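Structure record follows, encoded as structure tokens.
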Amino acid sequence: GPKDNDANGSSGDSTPHKGGTLTVLNSDPQTDFDPARLYTSGGGNVPSLVFRTLTTRNRADGAAGTKVVPDLATDTGRPSKNATVWTYTLKKGLKYEDGTAITSADIKYGIERSFAPELSGGAPYLRDWLVGAADYQGPYKDKKGLSAIETPDDRTIVFHLNKPEGEFPFLATQTQFTPVPQAKDTGTKYEEHPVSSGPYKVVKNENDGEHLVLERNKYWSAAVDDQRKAYPDTIDVQSGLDSSVINQRLSASQGTDAAAVTTDTNLGPAELAKVTGDKELAARVGTGHFGYTNYIAFNPKVKPFDNPKVRQAISYAVDRSSVVNAAGGSALAEPATTFLPNQKSFGYTPYDLFPAGDTGNAAKAKELLKEAGYPNGLTVTLTHDNADNFKTSPEIATAIQDALKKAGITVKLQGLEDNNYSDTVHSVKTEPGFFLAAWGADWPSGGPFLAPIFDGRQIVKDGANFNASQLNDASVNAEIDAINKLTDLDAAAQRWGALDKKIGAQALTVPLFHPVYKRLVGKDIKNVVISDWTGVLDISQVAVK
Amino acid sequence: MNGFGGFLLRRTIGTLATLLAISVIVYVVFYVTPGNVAQITCGPRCSPEQVHQVAQQLHLDDPLYVRYWHFLQGLVVGQDYSTGTSVEHCSAPCLGLSYQTDQQVLSIILTRLPVSLSLVTGAMVLWLVLGVGTGVLSVWRRGRLTERVLTGLTLAGWATPVFVIGLVLMIVVCGELQLLPFPQYVKFTDDPEQWAWNLLLPWFSLALIESAAFARMTRSSMLETLAEDHIRTFRAYGVGERSIVGRHALRGALAPVIALNANNFGSAVGGAVLTETLFGLPGLGQELVHAVSVVDLPVVVGVVLVVGFFVVLANAVADVLYAVADRRVVLT
Amino acid sequence: MSLVQVTDLTVEFGDLRAVDGLSFTLERGAALALVGESGSGKSTVASALLGLHHGTGARLGGSIEVAGTDVQDASDAELRKLRGAKAAMVFQDPLSSLDPYYAIGDQIAEVYRVHTRASRRAARARAVEVLDRVGIPDARSRSRSRPHEFSGGMRQRALIAMALACEPELLIADEPTTALDVTVQAQILDLLHTLREETGMGLLLVTHDVGVAAESVDRVLVMRHGRVVEQGPVAGVLGAPTQPYTRELLSAVPRVDAARVPSQASEGVVLEASGLRREFGRGKRAFAAVDDVSLTVHRGETLGVVGESGSGKTTLGRMLVGLLEPTAGEVRYDGHARVGVNPAVQMVFQDPVSSLNPRRSVGESIADPLRARGEHDEGRIRGRVTELLERVGLEGAHYQRYPHEFSGGQRQRVGIARALAADPRVIVCDEPVSALDVTTQAQVVALLGELQRELGLALVFVAHDLAVVRQVSDRVAVMRRGRIVETGPADEVYDNPQDPYTRQLLAAVPALDPEVAARRRAARRELASA
Amino acid sequence: MSEALVATQAPEALASGASGARQFWRRLRTQRAATVAAGIVALLVLVALAAPLLTALEGQDPTTYHPSLIDSARGGVPTGSLGGISGHHWLGVEPQTGRDLFARLVYGARVSLGVAFSATVIQVFVGLVVGVAAALGGRWIDQLLSRITDIFVALPLMIMSLALLAIVPQSFPRPVLVTLVIGLISWGSIAKIVRAQTLTLKGLDYVAAARLSGWGAWRIARRELLPGLAAPVITYASILIPVNISVEAALSFLGVGVKPPTPSWGQMLTAADVWYQAAPQYLLLPAGALFVTVLALAVLGDGVRTALDPRAASRLGVGTGRGRGRGREAVTTAKEESA
Ligand SMILES: Nc1ncnc2c1ncn2[C@@H]1O[C@H](COP(=O)(O)OP(=O)(O)OP(=O)(O)O)[C@@H](O)[C@H]1O
Ligand SMILES: Nc1ncnc2c1ncn2[C@@H]1O[C@H](COP(=O)(O)OP(=O)(O)OP(=O)(O)O)[C@@H](O)[C@H]1O
Ligand SMILES: [Mg+2]
Ligand SMILES: [Mg+2]
């Protein structure tokens, strides 16, 4: 007969204990497991169990989780006066899974190899910030190495930046800052077995990350890692699963699924409707907030969006409640009137410059349209993605279409296949005038949120451009530079907030909503920690016993 | 050339030509469709210079025919490639490397093929049994309640998306009744018993849908055959309706059923995407959809060729089968 | 109680009353022949005896009792018990009556197993045994062939074998020997006779061939328009018929000793075959169905082809019209080597069932050659088709009917009408009159002769009925085992046969006089036992 | 000949050319199930055509949002009982948007039935031509066509539609595009089935007889083979309809399909599958509509198949048109035609 997975009886007490197997049920396989190719802090949830970085996100609930804390390093970095030189010292007694010591040279090597075109995929900051990194091609082609990184001794590493960057400690949370022993580097094959510096090592990686098994790295010790709790003995990551199946399995919580979590699957609206009606299930839902904004982007180079009045009219006409419903309802999306996410760490400063209320202010919109020279309304085309993502997808587009109809604006929809959509909207040459967009934070701060979208120097003429409004405003650029100099992150946050409001007045975007993540965990899961940095539960904290 | 040997030779040549044509089509299609491969590979925030480097690395700047030529070369003599730290050889027939994961396409396919084949062969057995079985039964009991019920059931199966059937089956069987584990692919070579148990639901979901076509097809061709003169002979000799339907009418009805099966088998190898996705089976269909979505041309070409090979193979087998089923048909 | 008791039987198809108030009885061990015009309802009666009209659109009246079963009221299960075991039927269209997908031996074995509890192996052995009894040479290996690998006569014998397999109390044989050459025919008739003597089997023989009737039965029933014209002991009805229709019938029977009025065959050769050879099967099982046959057909002449069943006549005919590629040799039409078909060379197919599309009305089928020639005027097409139908003894109104609504002989005439529609110069007629009663047969033969005179039509006339062949042929070729064993002017061949096989054939021609027939049978039996 | 026959016939009555079709209708009409099914299909078509009228009757349209009818906090499930069924919304409203389901269903019928029917027609046509040509053509034609068919069976729809996506401009009318994409790409199965069946049929004597008549292959295919192919083709075509309905939904995903907010059953089904627990009627409505369509088509297909076979007439217990009544009918037609 079918093998019944032996169920872990849940022990009544809620203090977490070591041991057991944590099952992770995911939809996307971990196809990239090379630290050079991962993008987010710690490379996301699972890689962060294997890769330690110079600094890391604070593994705490809510807003506290937006702090950056030391990981391999003894502190979050010591800046030079103007924040262009950052120095880190490694903790003592750091070891790889094979027992060899971790050195600062390995971290340098890890960063260098992320420049190799073979291992592309990481965030753009290192290339932009490090001195002389712009045309560096990685250690495989260019043996000289990056002179911007110095390793005076085995425990010290110094970074030279071409401009002040007060947020460098945030960058140092990314997996490019994980040590890679050069002798073990196998290039593009490294991801099959990356050398662990964290509490777990990879013992099985099937089908390019579809099934991973992690077991304890016996050379890791909690003494030199105060962030990762590492309760379970084994972590079994199964991916390639359908999202409704994942949620179904988590809610059934049978066999090994009782000790299961997911790191990439939210509850959808339909599932939420079911879960909220069930007390037992509702108690197992974790809620998280990730710095993310869904918005309408305008390209003022395209008529009639060159006219601020038209953009304002649309801002007034938008019915945020419909949009929120399309995105899954008030439990899954919070209406947004600011471009910055509604979190303190981003410097959130509430404002609502074109108050549309819940359901849109059609009268005001009509008035503005008349002023703009469209007394009889107008017809525009809204470009969106056909992918079923609740961000830029048809549901949202039709909600906007329906709302603008009331203001006399006829919206034609242009749905594009996913790749076609990103090619089209992210190219200066083909960018439409009016489209759905979304932006998420690389780390919880205003910098990476505002700069790529509004910094005039980040307009990319012949590649992927995210400054959709192609705003190149000297005062905005100057303010961005000024804030970047600050190493006091709280002070910086305030000024990001102010800058957001200032840009908001130009009505270059219509912020729509910030998503909320709701996720189920298995019934035996303990110690659920969800930081506002990632918005999802941190599996380095989870216990199954 | 005549006979079976000639047939084999012609078929082999035909197959190769078909597969080549398919690969050319895929190359051309991906050449003209939007989607900047280098940008996708490099990541959305890559700078134009990096994108350019990646494009060079992947030979995306070469003209189409050069790229296709490399592909053909790889098939015949293999291909060397660099991992950055060393040079590896992908031996012939080399379908190239995935743009996205740098793995050899052939090895990706070889790990996924058994999954798809397990899924489809098992499901095929079921859909043939269910489909042809209901077809026969509905002819045998034609005009009666049994037939109406069967017709209703198979058509309900046919009209319901696989997603719904599969999910409902899974919730009821695995979630509520706990009769089976939530499916998870176990290799046949590791544990044949678990392999079968885990695939049972996917097989059923796929088969329930497909079997409707077979039931309808079987039924209609059988009714045709029942009108033939030779059936009268067996009636006049007191042969029971069961044997008339199950032996004589069924045999005469096989040609379209075989044809249908060949196609469904072949295309299901790459087409059972929904089933694979729903049940998390790492098969070719899933891989193909993913590869298309990230414009991973080598993987797409590879998978399409392998699937194409199965389509062609299944059809060749079907042709042999009808020649066996109906001796009057000559193989061409 | 009688074996068969039919009282006041009527059968109606729609508005057509095919059988009208028919009554007769048949005792155990006795033999009754139903003779009569084509379309007079003979096959309908035969089918009714087995309840085969159940569930079709036909309406039946009167009562039928067969071997103790009331056929009209019997349940399906009772009918199944009757069919095959107590009463077996040999259908009129033997060529389409076998399942094309199964080996012949298996089909017989299957029927046998339905009624006996025999093992598979025993049933198979029984199948071989009965195939052997009906004279299929090499029955063991031939039992593995599929129907399309059998010649027409062989298929007919296979069906007879099937009927005999369960040793039924009543054998209904609907034109059982139409596709058989006279030697085999004699053999089969003798076999039926023997079985009757040995097992007490009753025989209902449906035939249009008065000679056959004379040879094999003791009572005759003459039918016309679904009604009884005359019935009584065979000697009486055939020897001293009381009804004018019966007399008419008898006088129309062709005689093998009557010479033919020669046609005006001209010198021009229209069709010429040289060194024709055709093989079937491959490898070990390969054999030549036609082997090195050369012949010529002149304008306006008739070449008769006679010969044993399975000797390659149909195969030869198909090659002559271009439907079958010869393995070796060539066919020349008007002096030119020819590939493929040519509407000027037509064929009347041996199997009238499968040569008509069941989904098209016969009128449409006949109109085909006209339309193909570019005739568009519907009125003219109708006119011509009606004319053709009438010439072959059918009605213009049959235009709209579908093949399954015709009797065997009617279908055969449709086939002839279609061949004529093409205004051909040559027609290969493969058993064109085998299913026709003598009067209709005479009519058709006369028609062919007429056309021949009018149009200079050349005929290749394949038949097993030696008398008919003599009646129509200028020259005759005798085939055996794929070769032509003897050829020459008809009279010469008939009056002075050279080849021993030809002599054997002529000796087997059935006699009209039952007494003569009985004597001949006795002689044959002595010969066989000696 | 038979007097009975002569007595009941008016020979001149048979001089009507339309009688084949007439008999077909007669035979179809005598099958009750098929008649009902034909009625349902007609009704569906009517509903699709009259969609604006029906929704006007209800007072709704398929695109307007009704946020007040859904519970935003619970993922957007309809608030009313039974999915929000009320006098204003006959079949309730869609989760998340509150759009009227009845309106979406009847408008969806337009796209789904329109696309599915016309695509099936194209598929059948191409499949028949290719399949028959392959079976009748010489060895090389057969090889060529069969291999081309293989290509079409083997190439996933997705890839072919990617190509079309690139070639066909955005302005091209979507429903037509979808129809063409489906029709011209997925005809492979039907071609294979037709080829198989033709191979069996072409060995029959009546085809040989037709060849002797002097007809070319094309005419033989049409007159002699097509009627024999009708059974598998009609059956398969009725099977194809639901497939095409869901393919339309899949194509929308790639951007080739019908544009939102235009509803289609396929898209409704795809969107609704996750809602089957929280808002079952959202899934059940399009699924039910599809089921009824499929069932009606299957039964109708059966009926048509039976009616096409003159031999079936005797099984049905119907005369095949030699009756007096029919005679009169034919006379009038003949007169009308000559007039
Ligand atoms: N299924 C049917 N539907 C309509 N008419 C039929 C059907 N079967 C036979 N008939 C008609 O019934 C009459 C008798 O047919 P039957 O087959 O019994 O003739 P028959 O005496 O056997 O002739 P033949 O010697 O030519 O075989 C014919 O006129 C025929 O056309
Ligand atoms: N398609 C075939 N495949 C194999 N053998 C065949 C085929 N067609 C005919 N034969 C064989 O060829 C021989 C000659 O057959 P043919 O049909 O020409 O005989 P025939 O002279 O017409 O006989 P009959 O008078 O019984 O119709 C027979 O032994 C038959 O079994
Ligand atoms: Mg008859
Ligand atoms: Mg013959």
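Going by the structure tokens order, chains are called A, B, ..., each with residues numbered from 1, while ligands are numbered from 1 in the order shown.
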
Can you tell me which residues sit at most 10 Å away from ligand 3, counting only C-alpha atoms and all ligand atoms, written as an mmCIF file with N, CA and C atoms, in the first residue's frame?
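Dumped everything to pocket13.cif:
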```
data_model
loop_
_atom_site.group_PDB
_atom_site.id
_atom_site.type_symbol
_atom_site.label_atom_id
_atom_site.label_comp_id
_atom_site.auth_asym_id
_atom_site.auth_seq_id
_atom_site.Cartn_x
_atom_site.Cartn_y
_atom_site.Cartn_z
ATOM 1 N N GLY C 36 -37.190 -19.238 -58.395
ATOM 2 C CA GLY C 36 -38.025 -18.142 -58.866
ATOM 3 C C GLY C 36 -37.187 -16.962 -59.267
ATOM 4 N N GLU C 37 -37.911 -16.062 -59.839
ATOM 5 C CA GLU C 37 -37.339 -14.838 -60.357
ATOM 6 C C GLU C 37 -36.505 -14.090 -59.311
ATOM 7 N N SER C 38 -35.551 -13.372 -59.782
ATOM 8 C CA SER C 38 -34.755 -12.521 -58.897
ATOM 9 C C SER C 38 -35.649 -11.448 -58.283
ATOM 10 N N GLY C 39 -35.540 -11.263 -56.998
ATOM 11 C CA GLY C 39 -36.358 -10.252 -56.331
ATOM 12 C C GLY C 39 -37.723 -10.764 -55.950
ATOM 13 N N SER C 40 -37.944 -12.073 -56.069
ATOM 14 C CA SER C 40 -39.281 -12.571 -55.779
ATOM 15 C C SER C 40 -39.492 -12.832 -54.299
ATOM 16 N N GLY C 41 -38.457 -12.664 -53.483
ATOM 17 C CA GLY C 41 -38.649 -12.791 -52.039
ATOM 18 C C GLY C 41 -38.026 -14.033 -51.438
ATOM 19 N N LYS C 42 -37.201 -14.721 -52.188
ATOM 20 C CA LYS C 42 -36.628 -15.976 -51.700
ATOM 21 C C LYS C 42 -35.729 -15.742 -50.492
ATOM 22 N N SER C 43 -34.786 -14.794 -50.637
ATOM 23 C CA SER C 43 -33.863 -14.537 -49.522
ATOM 24 C C SER C 43 -34.601 -14.003 -48.319
ATOM 25 N N THR C 44 -35.643 -13.232 -48.575
ATOM 26 C CA THR C 44 -36.420 -12.687 -47.469
ATOM 27 C C THR C 44 -37.043 -13.823 -46.665
ATOM 28 N N VAL C 45 -37.556 -14.811 -47.350
ATOM 29 C CA VAL C 45 -38.123 -15.962 -46.650
ATOM 30 C C VAL C 45 -37.040 -16.669 -45.853
ATOM 31 N N ALA C 46 -35.894 -16.883 -46.504
ATOM 32 C CA ALA C 46 -34.810 -17.595 -45.825
ATOM 33 C C ALA C 46 -34.427 -16.873 -44.546
ATOM 34 N N SER C 47 -34.281 -15.553 -44.614
ATOM 35 C CA SER C 47 -33.909 -14.793 -43.414
ATOM 36 C C SER C 47 -34.996 -14.883 -42.364
ATOM 37 N N PHE C 91 -25.326 -17.500 -46.528
ATOM 38 C CA PHE C 91 -25.889 -16.300 -47.133
ATOM 39 C C PHE C 91 -25.602 -16.214 -48.623
ATOM 40 N N GLN C 92 -26.449 -15.432 -49.249
ATOM 41 C CA GLN C 92 -26.354 -15.300 -50.690
ATOM 42 C C GLN C 92 -25.095 -14.557 -51.109
ATOM 43 N N ASP C 93 -24.649 -13.580 -50.299
ATOM 44 C CA ASP C 93 -23.477 -12.813 -50.696
ATOM 45 C C ASP C 93 -22.292 -13.284 -49.888
ATOM 46 N N ASP C 174 -28.721 -20.185 -49.238
ATOM 47 C CA ASP C 174 -29.221 -19.200 -50.184
ATOM 48 C C ASP C 174 -28.210 -19.069 -51.310
ATOM 49 N N GLU C 175 -28.531 -19.623 -52.429
ATOM 50 C CA GLU C 175 -27.630 -19.622 -53.585
ATOM 51 C C GLU C 175 -26.225 -20.055 -53.175
ATOM 52 N N VAL C 206 -32.211 -22.275 -51.603
ATOM 53 C CA VAL C 206 -32.718 -21.158 -52.394
ATOM 54 C C VAL C 206 -31.832 -21.074 -53.620
ATOM 55 N N THR C 207 -32.416 -21.143 -54.782
ATOM 56 C CA THR C 207 -31.552 -21.097 -55.960
ATOM 57 C C THR C 207 -32.335 -20.598 -57.157
ATOM 58 N N HIS C 208 -31.623 -20.073 -58.098
ATOM 59 C CA HIS C 208 -32.281 -19.718 -59.334
ATOM 60 C C HIS C 208 -31.912 -20.747 -60.394
ATOM 61 N N PHE C 406 -31.777 -4.002 -52.095
ATOM 62 C CA PHE C 406 -31.955 -4.830 -53.282
ATOM 63 C C PHE C 406 -31.726 -6.288 -52.953
ATOM 64 N N SER C 407 -32.300 -7.137 -53.788
ATOM 65 C CA SER C 407 -31.996 -8.554 -53.662
ATOM 66 C C SER C 407 -30.662 -8.811 -54.346
ATOM 67 N N GLY C 408 -30.112 -9.997 -54.108
ATOM 68 C CA GLY C 408 -28.797 -10.319 -54.648
ATOM 69 C C GLY C 408 -28.733 -10.131 -56.156
ATOM 70 N N GLY C 409 -29.724 -10.648 -56.848
ATOM 71 C CA GLY C 409 -29.694 -10.571 -58.300
ATOM 72 C C GLY C 409 -29.855 -9.135 -58.783
ATOM 73 N N GLN C 410 -30.647 -8.376 -58.058
ATOM 74 C CA GLN C 410 -30.844 -6.982 -58.452
ATOM 75 C C GLN C 410 -29.537 -6.204 -58.359
ATOM 76 N N ARG C 411 -28.789 -6.477 -57.293
ATOM 77 C CA ARG C 411 -27.509 -5.785 -57.134
ATOM 78 C C ARG C 411 -26.570 -6.123 -58.273
ATOM 79 N N ALA C 435 -26.038 -14.756 -59.919
ATOM 80 C CA ALA C 435 -27.135 -14.694 -58.953
ATOM 81 C C ALA C 435 -28.471 -14.462 -59.635
ATOM 82 N N LEU C 436 -28.505 -14.626 -60.954
ATOM 83 C CA LEU C 436 -29.753 -14.304 -61.654
ATOM 84 C C LEU C 436 -30.528 -15.556 -61.988
#
```

As a ChimeraX atom specification, list the residues of range 452-485 of chain C assigned to helix (DSSP H, G or I) by DSSP on the backbone atoms of this structure.
/C:452-455,466-472

Could you give me, as a tab-separated table, every chain C residue with an atom at most 7 Å from ligand 4, plus its closest atom pair and distance in Å to one decimal, counting only C-alpha atoms and all ligand atoms, rows ordered by chain then number?
```
residue	atom	partner	partner_atom_place_in_ligand_line	distance
C:Ser151	CA	ligand 4	1 (Mg)	5.2
C:Gly152	CA	ligand 4	1 (Mg)	4.6
C:Gly153	CA	ligand 4	1 (Mg)	6.6
C:Ser309	CA	ligand 4	1 (Mg)	7.0
C:Gly310	CA	ligand 4	1 (Mg)	6.6
C:Gly312	CA	ligand 4	1 (Mg)	7.0
C:Lys313	CA	ligand 4	1 (Mg)	5.6
C:Thr314	CA	ligand 4	1 (Mg)	4.1
C:Gln350	CA	ligand 4	1 (Mg)	6.2
C:Asp430	CA	ligand 4	1 (Mg)	6.8
```

Would you export the selected residues with all heavy atoms as a CSV table (one decimal), in the first residue's frame, please?
```
chain,number,residue,atom,x,y,z
C,151,SER,N,-10.4,-16.7,-52.8
C,151,SER,CA,-11.1,-16.3,-54.0
C,151,SER,C,-12.6,-16.4,-53.7
C,151,SER,O,-13.0,-16.9,-52.6
C,151,SER,CB,-10.8,-17.3,-55.2
C,151,SER,OG,-11.5,-18.5,-54.9
C,152,GLY,N,-13.5,-15.9,-54.6
C,152,GLY,CA,-14.9,-15.9,-54.3
C,152,GLY,C,-15.4,-17.3,-54.0
C,152,GLY,O,-16.2,-17.4,-53.0
C,153,GLY,N,-15.1,-18.3,-54.8
C,153,GLY,CA,-15.6,-19.6,-54.5
C,153,GLY,C,-15.1,-20.2,-53.2
C,153,GLY,O,-15.9,-20.9,-52.5
C,309,SER,N,-12.6,-22.9,-59.1
C,309,SER,CA,-12.6,-21.8,-58.2
C,309,SER,C,-11.2,-21.6,-57.6
C,309,SER,O,-10.5,-22.6,-57.3
C,309,SER,CB,-13.6,-22.2,-57.0
C,309,SER,OG,-13.4,-21.4,-56.0
C,310,GLY,N,-10.8,-20.4,-57.6
C,310,GLY,CA,-9.4,-20.1,-57.1
C,310,GLY,C,-8.4,-20.2,-58.1
C,310,GLY,O,-7.2,-20.2,-57.8
C,312,GLY,N,-7.6,-18.2,-60.4
C,312,GLY,CA,-7.0,-16.9,-60.8
C,312,GLY,C,-7.8,-16.1,-61.8
C,312,GLY,O,-7.3,-15.1,-62.4
C,313,LYS,N,-9.1,-16.4,-62.0
C,313,LYS,CA,-9.9,-15.7,-62.9
C,313,LYS,C,-10.1,-14.3,-62.5
C,313,LYS,O,-9.9,-13.3,-63.3
C,313,LYS,CB,-11.3,-16.4,-63.1
C,313,LYS,CG,-11.2,-17.9,-63.5
C,313,LYS,CD,-12.5,-18.5,-63.7
C,313,LYS,CE,-13.4,-18.6,-62.4
C,313,LYS,NZ,-12.9,-19.5,-61.4
C,314,THR,N,-10.5,-14.0,-61.3
C,314,THR,CA,-10.7,-12.7,-60.8
C,314,THR,C,-9.4,-11.9,-60.9
C,314,THR,O,-9.4,-10.7,-61.3
C,314,THR,CB,-11.3,-12.7,-59.4
C,314,THR,OG1,-12.5,-13.4,-59.4
C,314,THR,CG2,-11.5,-11.3,-58.9
C,350,GLN,N,-17.3,-9.4,-59.2
C,350,GLN,CA,-17.9,-10.7,-58.7
C,350,GLN,C,-18.8,-10.5,-57.5
C,350,GLN,O,-19.8,-11.1,-57.3
C,350,GLN,CB,-16.7,-11.7,-58.4
C,350,GLN,CG,-17.2,-13.0,-58.0
C,350,GLN,CD,-16.1,-14.0,-57.9
C,350,GLN,OE1,-14.9,-13.7,-57.9
C,350,GLN,NE2,-16.4,-15.3,-57.8
C,430,ASP,N,-17.1,-10.4,-64.3
C,430,ASP,CA,-16.7,-11.5,-63.4
C,430,ASP,C,-18.0,-12.1,-62.8
C,430,ASP,O,-18.5,-11.5,-61.9
C,430,ASP,CB,-15.8,-10.9,-62.3
C,430,ASP,CG,-15.0,-12.0,-61.5
C,430,ASP,OD1,-15.2,-13.2,-61.8
C,430,ASP,OD2,-14.2,-11.6,-60.7
```

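As for CA of Asn207 in chain A and CA of Tyr96 in chain A, they are spaced 24.9 Å apart.
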
Report the residues of range 69-151 of chain B whose backbone DSSP state falls under strand (DSSP E), written as a count of residues only.
8

Quick one: contact table of range 95-210 of chain B to range 28-33 of chain A, 12 Å max, nearest atom pair and distance in Å to one decimal per residue, counting only C-alpha atoms, chain and number order, as JSON lines?
```
{"residue": "B:Ser98", "atom": "CA", "partner": "A:Thr31", "partner_atom": "CA", "distance": 11.8}
{"residue": "B:Gln100", "atom": "CA", "partner": "A:Thr31", "partner_atom": "CA", "distance": 8.8}
{"residue": "B:Thr101", "atom": "CA", "partner": "A:Thr31", "partner_atom": "CA", "distance": 7.0}
{"residue": "B:Asp102", "atom": "CA", "partner": "A:Asp32", "partner_atom": "CA", "distance": 10.3}
{"residue": "B:Gln103", "atom": "CA", "partner": "A:Thr31", "partner_atom": "CA", "distance": 10.7}
```

Counting only C-alpha atoms, which residues in chain B sit no more than 6 Å from chain C? For each one, give the nearest pair of atoms and the distance in Å, sorted by chain then residue number, as CSV.
```
residue,atom,partner,partner_atom,distance
B:Asp229,CA,C:Ser97,CA,5.6
B:His230,CA,C:Ser97,CA,4.1
B:Thr233,CA,C:Ser97,CA,5.9
B:Ala236,CA,C:Arg83,CA,5.6
B:Tyr237,CA,C:Gly84,CA,4.0
B:Gly238,CA,C:Arg80,CA,4.0
B:Asp326,CA,C:Tyr101,CA,6.0
```

Tell me the residues of chain A close to chain D, meaning within 7 Å using only C-alpha atoms, as JSON, numbers by chain.
{"A": [269, 270, 272, 273, 274, 276, 322, 325, 326, 328, 329, 330, 331, 386, 387, 394, 398, 402, 415, 416, 417]}

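Using only C-alpha atoms and all ligand atoms for every distance, the candidate list D:Leu204, D:Ala34, D:Ile185, D:Ala163 yields D:Leu204 as the residue closest to ligand 2.
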
Give me the chain B side of the contact with chain D, cut-off 6 Å, one line per residue showing its nearest atom pair and distance in Å at one decimal, counting only C-alpha atoms, sorted by chain and residue number, as a tab-separated table.
```
residue	atom	partner	partner_atom	distance
B:Thr18	CA	D:Arg147	CA	5.9
B:Val29	CA	D:Ala163	CA	5.0
B:Thr33	CA	D:Ala166	CA	5.1
B:Ala159	CA	D:Phe291	CA	5.5
B:Ala255	CA	D:Ala196	CA	5.8
B:Pro256	CA	D:Ile193	CA	5.0
B:Ala259	CA	D:Ile193	CA	5.3
B:Gly308	CA	D:Ala154	CA	4.7
B:Val311	CA	D:Ala154	CA	6.0
B:Thr332	CA	D:Arg139	CA	5.8
```

For range 479-495 of chain A, find every residue with an atom within 6 Å (counting only C-alpha atoms), except residues of its own chain fewer than 2 positions away, and show them as an MDAnalysis selection string.
chainID A and resid 164:166 346:347 476:477 497:498

How would you report the residues lying within 9 Å of ligand 2, as a VMD selection string, if you count only C-alpha atoms and all ligand atoms?
(chain B and resid 328) or (chain C and resid 142 145 to 156 179 to 181 278 to 281 286 to 290 306 to 318 350 430 to 431 462 to 464 479 to 482)

Rounded to one decimal in Å, what is the spacing between CA of Thr7 in chain C and CA of Gly62 in chain C?
5.7 Å

Quick check, in Å to one decimal: how far apart do CA of Gln39 in chain B and CA of Pro515 in chain A lie?
26.6 Å

Residue hits in chain B, query chain A, radius 9 Å, only C-alpha atoms, as a PyMOL selection string
chain B and resi 33-36+39-51+53-54+57+82-86+100-103+108+111-112+167+170-171+175-176+178-182+193-194+197-198+276-282+286+293-295

Between chain C and chain D, at 7 Å or less, what are the per-residue closest atom pairs and their distances in Å? Count only C-alpha atoms, order by chain and rising residue number, and return it as CSV.
```
residue,atom,partner,partner_atom,distance
C:Gly14,CA,D:Gly319,CA,5.2
C:Asp15,CA,D:Gly323,CA,6.2
C:Leu16,CA,D:Leu5,CA,5.5
C:Arg17,CA,D:Ala4,CA,6.1
C:Gly55,CA,D:Arg315,CA,6.4
C:Thr56,CA,D:Arg315,CA,4.7
C:Gly57,CA,D:Gly317,CA,4.0
C:His225,CA,D:Ser2,CA,5.5
C:Leu323,CA,D:Ala208,CA,6.8
C:Val341,CA,D:Leu212,CA,6.0
C:Asn342,CA,D:Leu212,CA,6.4
C:Pro343,CA,D:Gly214,CA,5.1
C:Gln346,CA,D:Leu212,CA,6.2
C:Ser354,CA,D:Asp205,CA,5.5
C:Ser355,CA,D:Tyr206,CA,3.9
C:Leu356,CA,D:Tyr206,CA,5.0
C:Asn357,CA,D:Tyr206,CA,5.6
C:Arg359,CA,D:Pro310,CA,6.0
C:Asp368,CA,D:Ser213,CA,6.1
C:Pro369,CA,D:Ser213,CA,4.4
C:Ala372,CA,D:Trp215,CA,5.5
C:Ala397,CA,D:Pro11,CA,5.1
C:Gln400,CA,D:Leu14,CA,6.9
C:His404,CA,D:Arg311,CA,6.8
C:Ala422,CA,D:Ser213,CA,6.6
```
